[in-house]
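To start, the structure itself, in structure tokens.
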Amino acid sequence: MSLEVRNLTKRYGKKEVVSHISFTMDKPGVFALLGTNGAGKTTSIRMILGMLAKDEGEVTWNGKPLDPLEINVGYLAEERGLYPKYALMDQMMYFAKLKNVDTETAKKRIAYWVKHLELQEYFYPKPVGKRPAKPMKAEQLSKGNQQKVQLMAALISDPELIVLDEPLSGLDPVNSDLFKEVIRNLIKQNKYVIMSSHQMEVIEEFCEDIIILHHGNSVVQGNLNEIKKSYGRVNVSVKCEGDIDKYIEELGIKVMEKTPEGYLLKVTGDEMAENLLKNIMSAGIRVVRFEMREPSLHEIFVEKATSLDVDNTGAEAVSGGNNEE
Amino acid sequence: MKSKAFGWQHVCSFTFVQLIKTPALIVSTIMLVATAVIMMVVTSSSAFEEEEVATSTSINTLMVADETGLGASEWLDIRSMEYKGVFPENIEFVDKTADELKEFVQGENADKTAAIVLSYEADNMIFRITGYYGSKKGVDESDLSSLTDLIAANLTDRLVFALDVSEEQLEYLQTETSSEVKFYNIDENGEGSISDEESKEPGINLAEYGFGLIIMVVILLMVALSGEQVATSVAQEKASKVVEYLMTSVKPLALLIGKIVAVFAITFIEIIFMIAGYIGAAVVMVAMHPGTAVKATDLMSSMMSHNQYGMEMNVSYNLATLPIIFVIVLCGILFYVVIAALAGACVSKMEELVEGMRLFTFTMLIGSYGAMAVIMVDMMTQAPAPLKLIAEMLPLSSPFIAPSYLLAGKMTMVEGIISALILVIGLIGIIWFASRVYESLMYYNGSTIKLKQLLMLGRSRKEADHE
């Protein structure tokens with residue numbers, strides 16, 4: 001199975017909100033769709049799922065145009081939605097029927113997810129005294145629990161392709177861990193997952209391949225490890241028992257952050273970092289910590305977003321891995 | 001490949017079940033039924049009162065003296081069979097004078113006995129029907145009055161037969177007389193001509209007017225109820241953002257069809273409940289008045305005919321037009337419901353729904369008020385032919401006026417078919433337009449879209465969605 005997105009483009013009038021995006025998922029796993037607010041993530045997802053007409057491009061699943069009515073797709077939308085006034089069980093059965101899940105299977109799956117996501121008291125409320133239990137409505141649930149119900153709706157059909165748009169936003173740490181556990185299980189089950197998130201540590205935890213969008217353009221794309229490698233170990237974390245500002249200035253090193261815990265520096269290569277260390281030690285300053293590392297996804301993301309906003313030089317693509325630009 | 005309407009049945013059954021459970025719908029249905037019952041009770045109470053008068057008389061014996069020589073003994077017997085309850089069981093035809101009868105009804109053996117004298121005053125050229133009853137003899141004056149009125153109403157028929165008028169002559173005599181005024185018009189060149197403008201006689205009678213209005217109100221009720229429910233349902237799905245999830249399972253067209261069918265079914269059920277309430281109330285009213293000849297199904301006509309003896313209403317039903325009427329009513333409701341769905345899709349928040357519904361309310365009022373105006377003008381005088389034609393053919397107004405006019409024979413079959421065809425074309429047009437803009441509107445999250453923007457959206461097919 002494979003998902004191929006080629007040259008995906010969307011325009012509103014003369015404005016291109018998504019511009020010629022292409023990527024491929026040829027093995028199961030999690031593909032990350034990143035970008036600042038308004039970068040075009042949700043529009044891209046809607047086009048991928050065939051919910052929104054594309055102006056250009058093609059999306060194929062196993063070589064055929066992707067039609068969500070033809071393949072089993074699960075979708076957790078960024079804009080969460082349930083019918084506030086309708087009973088939870090009714091809604092879930094309806095969503096299952098729309099996905100062609102028969103009643104018996106739907107009931108079993110609902111029971112499984114209700115238990116797994118700890119929603120028993122809402123789906124199977126206990127009777128109060130002699131009164132029969134009243135079915136719970138979505139409006140009676142907290143935001144976090146509504147989000148769980150929506151994740152359940154996305155997974156009720158046991159889909160092959162799952163799209164999770166900001167799945168962890170607004171969740172408390174406990175529920176966030178619960179959702180992560182679900183995503184881990186999906187990976188184990190060899191599902192194809194497209195995930196959009198602003199939480200970079202989550203992306204780093206689950207995703208192998210990423211695409212970063214900025215103003216509708218792909219600015220960074222490819223295998224996450226290779227992207228990081230392509231940057232090199234340019235981040236240096238230093239803590240010394242003395243003032244080292246003079247040595248940093250001498251070598252023209254950029255200071256990313258200066259805190260009581262030390263410096264976060266950006267060097268151009270290994271040689272610059274080694275020279276700094278040599279100069280500090282020659283000056284007899286005691287080094288508590290000197291660490292060279294690749295930039296985190298968060299740093300890459302922030303750097304790309306801010307540099308493009310400042311320079312406004314358009315799309316500068318950094319390629320890595322086997323994905324197209 | 002699944003069609004764009006795939007899944008509409010699931011949408012329909014879910015919408016139907018959830019709407020049925022809605023307390024607001026239950027309350028509104030109860031209110032509709034209650035209104036129908038109250039309407040029935042109020043409007044029929046007078047008819048029952050009249051009927052009660054007609055169904056039980058305080059007179060046991062009626063003595064009839066015929067001084068006209070019209071042979072009252074033959075035809076009064078027949079009338080007494082036809083109007084049981086108005087006529088007493090015993091009718092005696094006697095050869096007595098008015099004075100003798102006056103004396104008799106005040107005599108000892110005149111309990112519940114009344115007398116009628118039929119006479120002709122040659123000087124005044126007038127037939128007189130005079131009723132006599134004695135005081136404290138148990139005869140109700142209104143019963144005797146009903147009897148004399150009834151005999152007077154039927155005396156013309158009797159005269160026609162007595163004078164040995166043939167059927168053709170009778171038809172000729174019964175032909176309505178019309179009058180018209182034509183004026184001699186002199187134009188700017190000084191040439192004169194007779195105006196060919198016809199006299200303005202009413203296009204429809206009072207009964208047809210009432211009939212037309214009742215049908216119009218029922219259709220208006222169905223349009224308003226269905227439209228309001230579809231618009232609310234669409235807006236609710238948009239406001240709660242659940243529509244985005246649904247789009248991965250069904251296309252917007254399936255959502256639209258499913259909702260429309262469900263709401264249409266609910267409205268149909270509501271109307272059936274309303275009619276059942278109306279008929280049920282009539283049945284109860286009949287049961288509460290034992291011995292009455294009035295049947296529940298006759299009540300509507302008795303209400304409209306203004307004839308206390310249940311004479312035929314002056315509306316000739318053209319039942320052959322029923323299939324066309326069905327098409328017009330169905331397409332008309334669908335036409336308005338699609339507009340309502342668009343109105344619902346134009347808003348993003350429930351609190352904006354009233355503003356969004358203006359589009360639907362405005363078009364519905366134009367259509368229904370236009371139809372009502374034509375019906376009213378037609379009743380008072382005669383609606384101008386072009387105005388009538390526009391109302392009968394325009395998809396906005398034809399669903400309100402064409403069914404009653406077709407049924408009452410005020411529109412020909414051909415006109416009905418043309419009206420239905422124009423409405424079907426209008427419906428296809430509005431569905432085509434909706435299919436162009438509905439998908440875009442589903443993702444639209446801004447302020448309420450105005451009609452102008454909606455038309456622009458349809459023209460350019462520019463998506464209005466925003467991330």
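The way I read the labels, and the way they are meant: chains A, B, ... in the order of the structure tokens, residue 1 as the first residue of every chain, and ligand 1 as the first ligand shown, with later ones counted on from there.
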Pick out the chain A residues within 7 Å of chain B. Count only C-alpha atoms. Give them as an mmCIF file with N, CA and C atoms, in the first residue's frame.
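out25.cif, written as the output of this step:
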data_model
loop_
_atom_site.group_PDB
_atom_site.id
_atom_site.type_symbol
_atom_site.label_atom_id
_atom_site.label_comp_id
_atom_site.auth_asym_id
_atom_site.auth_seq_id
_atom_site.Cartn_x
_atom_site.Cartn_y
_atom_site.Cartn_z
ATOM 1 N N TYR A 12 -7.279 30.408 -3.731
ATOM 2 C CA TYR A 12 -8.498 31.187 -3.486
ATOM 3 C C TYR A 12 -8.316 32.496 -4.238
ATOM 4 N N GLY A 38 -2.126 28.674 9.655
ATOM 5 C CA GLY A 38 -2.427 29.245 8.332
ATOM 6 C C GLY A 38 -1.440 28.833 7.263
ATOM 7 N N THR A 42 -4.411 22.132 7.153
ATOM 8 C CA THR A 42 -5.778 21.604 7.128
ATOM 9 C C THR A 42 -6.331 21.590 5.700
ATOM 10 N N THR A 43 -5.997 22.624 4.928
ATOM 11 C CA THR A 43 -6.445 22.647 3.524
ATOM 12 C C THR A 43 -5.842 21.453 2.782
ATOM 13 N N LEU A 49 -8.004 14.130 1.496
ATOM 14 C CA LEU A 49 -9.174 13.283 1.781
ATOM 15 C C LEU A 49 -10.312 13.488 0.777
ATOM 16 N N MET A 51 -12.129 16.000 0.369
ATOM 17 C CA MET A 51 -13.253 16.786 0.890
ATOM 18 C C MET A 51 -13.296 18.162 0.252
ATOM 19 N N PRO A 68 -12.401 8.981 -0.272
ATOM 20 C CA PRO A 68 -12.693 8.495 1.085
ATOM 21 C C PRO A 68 -13.928 7.599 1.157
ATOM 22 N N LEU A 69 -14.769 7.671 0.115
ATOM 23 C CA LEU A 69 -15.948 6.808 0.110
ATOM 24 C C LEU A 69 -15.575 5.386 -0.319
ATOM 25 N N TYR A 75 -10.606 9.944 10.336
ATOM 26 C CA TYR A 75 -10.203 11.350 10.365
ATOM 27 C C TYR A 75 -10.580 12.006 11.682
ATOM 28 N N ALA A 77 -10.610 15.534 12.938
ATOM 29 C CA ALA A 77 -10.471 16.896 12.415
ATOM 30 C C ALA A 77 -9.926 17.836 13.484
ATOM 31 N N GLU A 79 -10.918 20.882 13.900
ATOM 32 C CA GLU A 79 -12.097 21.503 14.513
ATOM 33 C C GLU A 79 -13.015 20.396 14.994
ATOM 34 N N ARG A 80 -12.881 20.069 16.265
ATOM 35 C CA ARG A 80 -13.609 18.932 16.829
ATOM 36 C C ARG A 80 -15.106 19.134 16.713
ATOM 37 N N GLY A 81 -15.801 18.077 16.440
ATOM 38 C CA GLY A 81 -17.247 18.231 16.317
ATOM 39 C C GLY A 81 -18.031 16.994 16.666
ATOM 40 N N LEU A 82 -19.026 17.193 17.508
ATOM 41 C CA LEU A 82 -20.013 16.150 17.824
ATOM 42 C C LEU A 82 -21.365 16.856 17.875
ATOM 43 N N TYR A 83 -22.419 16.093 17.735
ATOM 44 C CA TYR A 83 -23.741 16.692 17.906
ATOM 45 C C TYR A 83 -23.951 16.924 19.408
ATOM 46 N N TYR A 94 -24.218 5.884 14.428
ATOM 47 C CA TYR A 94 -24.442 6.569 13.156
ATOM 48 C C TYR A 94 -23.126 6.674 12.374
ATOM 49 N N LYS A 97 -22.234 3.343 10.989
ATOM 50 C CA LYS A 97 -23.070 2.976 9.828
ATOM 51 C C LYS A 97 -22.613 3.708 8.575
ATOM 52 N N LEU A 98 -22.268 4.983 8.747
ATOM 53 C CA LEU A 98 -21.795 5.750 7.584
ATOM 54 C C LEU A 98 -20.526 5.133 7.006
ATOM 55 N N LYS A 99 -19.778 4.449 7.884
ATOM 56 C CA LYS A 99 -18.535 3.803 7.432
ATOM 57 C C LYS A 99 -18.771 2.344 7.057
#
Write out as JSON, numbers by chain the set of residues from stretch 51-214 of chain A that DSSP, computed on the backbone, places in strand (DSSP E).
{"A": [56, 57, 58, 59, 60, 61, 64, 65, 73, 74, 75, 76, 161, 162, 163, 164, 165, 192, 193, 194, 195, 196, 207, 208, 209, 210, 211, 212, 213, 214]}
Write a file of the selected residues as an mmCIF file, in the first residue's frame, keeping N, CA and C atoms.
data_model
loop_
_atom_site.group_PDB
_atom_site.id
_atom_site.type_symbol
_atom_site.label_atom_id
_atom_site.label_comp_id
_atom_site.auth_asym_id
_atom_site.auth_seq_id
_atom_site.Cartn_x
_atom_site.Cartn_y
_atom_site.Cartn_z
ATOM 1 N N GLU A 56 -4.959 21.836 -8.578
ATOM 2 C CA GLU A 56 -3.981 21.059 -9.351
ATOM 3 C C GLU A 56 -3.554 19.886 -8.491
ATOM 4 N N GLY A 57 -2.966 18.886 -9.142
ATOM 5 C CA GLY A 57 -2.373 17.790 -8.396
ATOM 6 C C GLY A 57 -3.223 16.537 -8.330
ATOM 7 N N GLU A 58 -2.624 15.556 -7.665
ATOM 8 C CA GLU A 58 -3.252 14.244 -7.627
ATOM 9 C C GLU A 58 -2.914 13.564 -6.299
ATOM 10 N N VAL A 59 -3.881 12.854 -5.780
ATOM 11 C CA VAL A 59 -3.638 12.065 -4.559
ATOM 12 C C VAL A 59 -4.052 10.632 -4.884
ATOM 13 N N THR A 60 -3.132 9.701 -4.719
ATOM 14 C CA THR A 60 -3.469 8.303 -5.031
ATOM 15 C C THR A 60 -3.213 7.403 -3.829
ATOM 16 N N TRP A 61 -4.029 6.378 -3.740
ATOM 17 C CA TRP A 61 -3.873 5.343 -2.714
ATOM 18 C C TRP A 61 -3.777 4.024 -3.484
ATOM 19 N N LYS A 64 -4.446 4.357 -7.231
ATOM 20 C CA LYS A 64 -5.749 4.857 -7.705
ATOM 21 C C LYS A 64 -6.101 6.153 -6.979
ATOM 22 N N PRO A 65 -6.833 7.044 -7.656
ATOM 23 C CA PRO A 65 -7.220 8.292 -6.981
ATOM 24 C C PRO A 65 -7.910 8.013 -5.647
ATOM 25 N N VAL A 73 -11.054 5.293 5.601
ATOM 26 C CA VAL A 73 -10.259 6.405 6.146
ATOM 27 C C VAL A 73 -10.797 6.806 7.511
ATOM 28 N N GLY A 74 -9.892 7.083 8.417
ATOM 29 C CA GLY A 74 -10.299 7.616 9.717
ATOM 30 C C GLY A 74 -9.787 9.042 9.825
ATOM 31 N N TYR A 75 -10.606 9.944 10.336
ATOM 32 C CA TYR A 75 -10.203 11.350 10.365
ATOM 33 C C TYR A 75 -10.580 12.006 11.682
ATOM 34 N N LEU A 76 -9.570 12.525 12.352
ATOM 35 C CA LEU A 76 -9.821 13.341 13.539
ATOM 36 C C LEU A 76 -9.541 14.781 13.127
ATOM 37 N N LEU A 161 -6.056 4.089 6.471
ATOM 38 C CA LEU A 161 -5.375 5.384 6.473
ATOM 39 C C LEU A 161 -6.037 6.269 7.523
ATOM 40 N N ILE A 162 -5.200 6.819 8.406
ATOM 41 C CA ILE A 162 -5.745 7.639 9.496
ATOM 42 C C ILE A 162 -5.123 9.031 9.440
ATOM 43 N N VAL A 163 -5.952 10.031 9.494
ATOM 44 C CA VAL A 163 -5.455 11.408 9.491
ATOM 45 C C VAL A 163 -5.821 12.041 10.825
ATOM 46 N N LEU A 164 -4.803 12.453 11.548
ATOM 47 C CA LEU A 164 -5.007 13.067 12.869
ATOM 48 C C LEU A 164 -4.526 14.502 12.823
ATOM 49 N N ASP A 165 -5.468 15.426 12.825
ATOM 50 C CA ASP A 165 -5.124 16.841 12.752
ATOM 51 C C ASP A 165 -5.075 17.401 14.177
ATOM 52 N N TYR A 192 -1.270 3.416 8.235
ATOM 53 C CA TYR A 192 -0.712 4.621 7.620
ATOM 54 C C TYR A 192 -1.343 5.818 8.329
ATOM 55 N N VAL A 193 -0.504 6.615 8.969
ATOM 56 C CA VAL A 193 -1.039 7.745 9.740
ATOM 57 C C VAL A 193 -0.418 9.060 9.248
ATOM 58 N N ILE A 194 -1.279 10.015 8.976
ATOM 59 C CA ILE A 194 -0.787 11.375 8.696
ATOM 60 C C ILE A 194 -1.162 12.214 9.909
ATOM 61 N N MET A 195 -0.158 12.887 10.462
ATOM 62 C CA MET A 195 -0.431 13.627 11.692
ATOM 63 C C MET A 195 0.047 15.063 11.551
ATOM 64 N N SER A 196 -0.816 15.960 11.977
ATOM 65 C CA SER A 196 -0.410 17.360 11.999
ATOM 66 C C SER A 196 -0.340 17.779 13.453
ATOM 67 N N CYS A 207 7.274 10.225 14.310
ATOM 68 C CA CYS A 207 7.347 10.347 12.849
ATOM 69 C C CYS A 207 8.737 10.091 12.286
ATOM 70 N N GLU A 208 8.759 9.429 11.160
ATOM 71 C CA GLU A 208 10.022 9.228 10.453
ATOM 72 C C GLU A 208 10.165 10.280 9.363
ATOM 73 N N ASP A 209 9.034 10.537 8.688
ATOM 74 C CA ASP A 209 9.087 11.491 7.574
ATOM 75 C C ASP A 209 8.225 12.704 7.892
ATOM 76 N N ILE A 210 8.726 13.852 7.446
ATOM 77 C CA ILE A 210 7.980 15.097 7.735
ATOM 78 C C ILE A 210 7.939 16.010 6.511
ATOM 79 N N ILE A 211 7.015 16.928 6.577
ATOM 80 C CA ILE A 211 7.003 18.037 5.625
ATOM 81 C C ILE A 211 6.638 19.283 6.434
ATOM 82 N N ILE A 212 7.425 20.341 6.255
ATOM 83 C CA ILE A 212 7.083 21.594 6.947
ATOM 84 C C ILE A 212 6.554 22.575 5.901
ATOM 85 N N LEU A 213 5.363 23.073 6.157
ATOM 86 C CA LEU A 213 4.738 24.025 5.238
ATOM 87 C C LEU A 213 4.874 25.433 5.794
ATOM 88 N N HIS A 214 5.085 26.360 4.878
ATOM 89 C CA HIS A 214 5.105 27.767 5.281
ATOM 90 C C HIS A 214 4.432 28.559 4.170
#
Counting only C-alpha atoms, figure out which residue out of A:Asn279, A:Ser230, A:Ser218, A:Thr103 gets nearest to A:Leu251.
A:Asn279
What are the DSSP alpha helix (DSSP H) residues of stretch 56-292 of chain A, as a PyMOL selection string?
chain A and resi 88-98+103-116+120-123+143-155+173-188+200-206+224-231+245-250+270-282
So that I can check the surroundings of A:Pro28, please list as a ChimeraX atom specification every protein, DNA and RNA residue that reaches within 10 Å of it, counting only C-alpha atoms and ignoring chain neighbours fewer than 3 positions away.
/A:1-3,25,31,160-161,186-193
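Counting from atom CA of B:Val139, the distance to atom CA of B:Ala114 is 7.2 Å.
Summary of the local environment: counting only C-alpha atoms, residues at most 12 Å from A:Ser282, other than itself and those fewer than 6 positions away along its chain, are A:Ile244, A:Tyr247, A:Asn275, A:Leu276.
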I need the residues from that last selection saved to file as a PDB file, in the first residue's frame (with N, CA and C atoms), if you can.
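File written: part25.pdb
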ATOM      1  N   ILE A 244      32.846  33.655  29.263  1.00  0.00           N
ATOM      2  CA  ILE A 244      33.415  33.192  27.988  1.00  0.00           C
ATOM      3  C   ILE A 244      32.911  34.052  26.818  1.00  0.00           C
ATOM      4  N   TYR A 247      35.465  34.983  24.099  1.00  0.00           N
ATOM      5  CA  TYR A 247      35.908  33.925  23.164  1.00  0.00           C
ATOM      6  C   TYR A 247      34.825  33.634  22.113  1.00  0.00           C
ATOM      7  N   ASN A 275      37.607  24.992  18.247  1.00  0.00           N
ATOM      8  CA  ASN A 275      38.413  26.203  18.528  1.00  0.00           C
ATOM      9  C   ASN A 275      37.909  26.904  19.780  1.00  0.00           C
ATOM     10  N   LEU A 276      36.584  26.955  19.937  1.00  0.00           N
ATOM     11  CA  LEU A 276      36.016  27.615  21.110  1.00  0.00           C
ATOM     12  C   LEU A 276      36.440  26.876  22.383  1.00  0.00           C
TER      13      LEU A 276
END
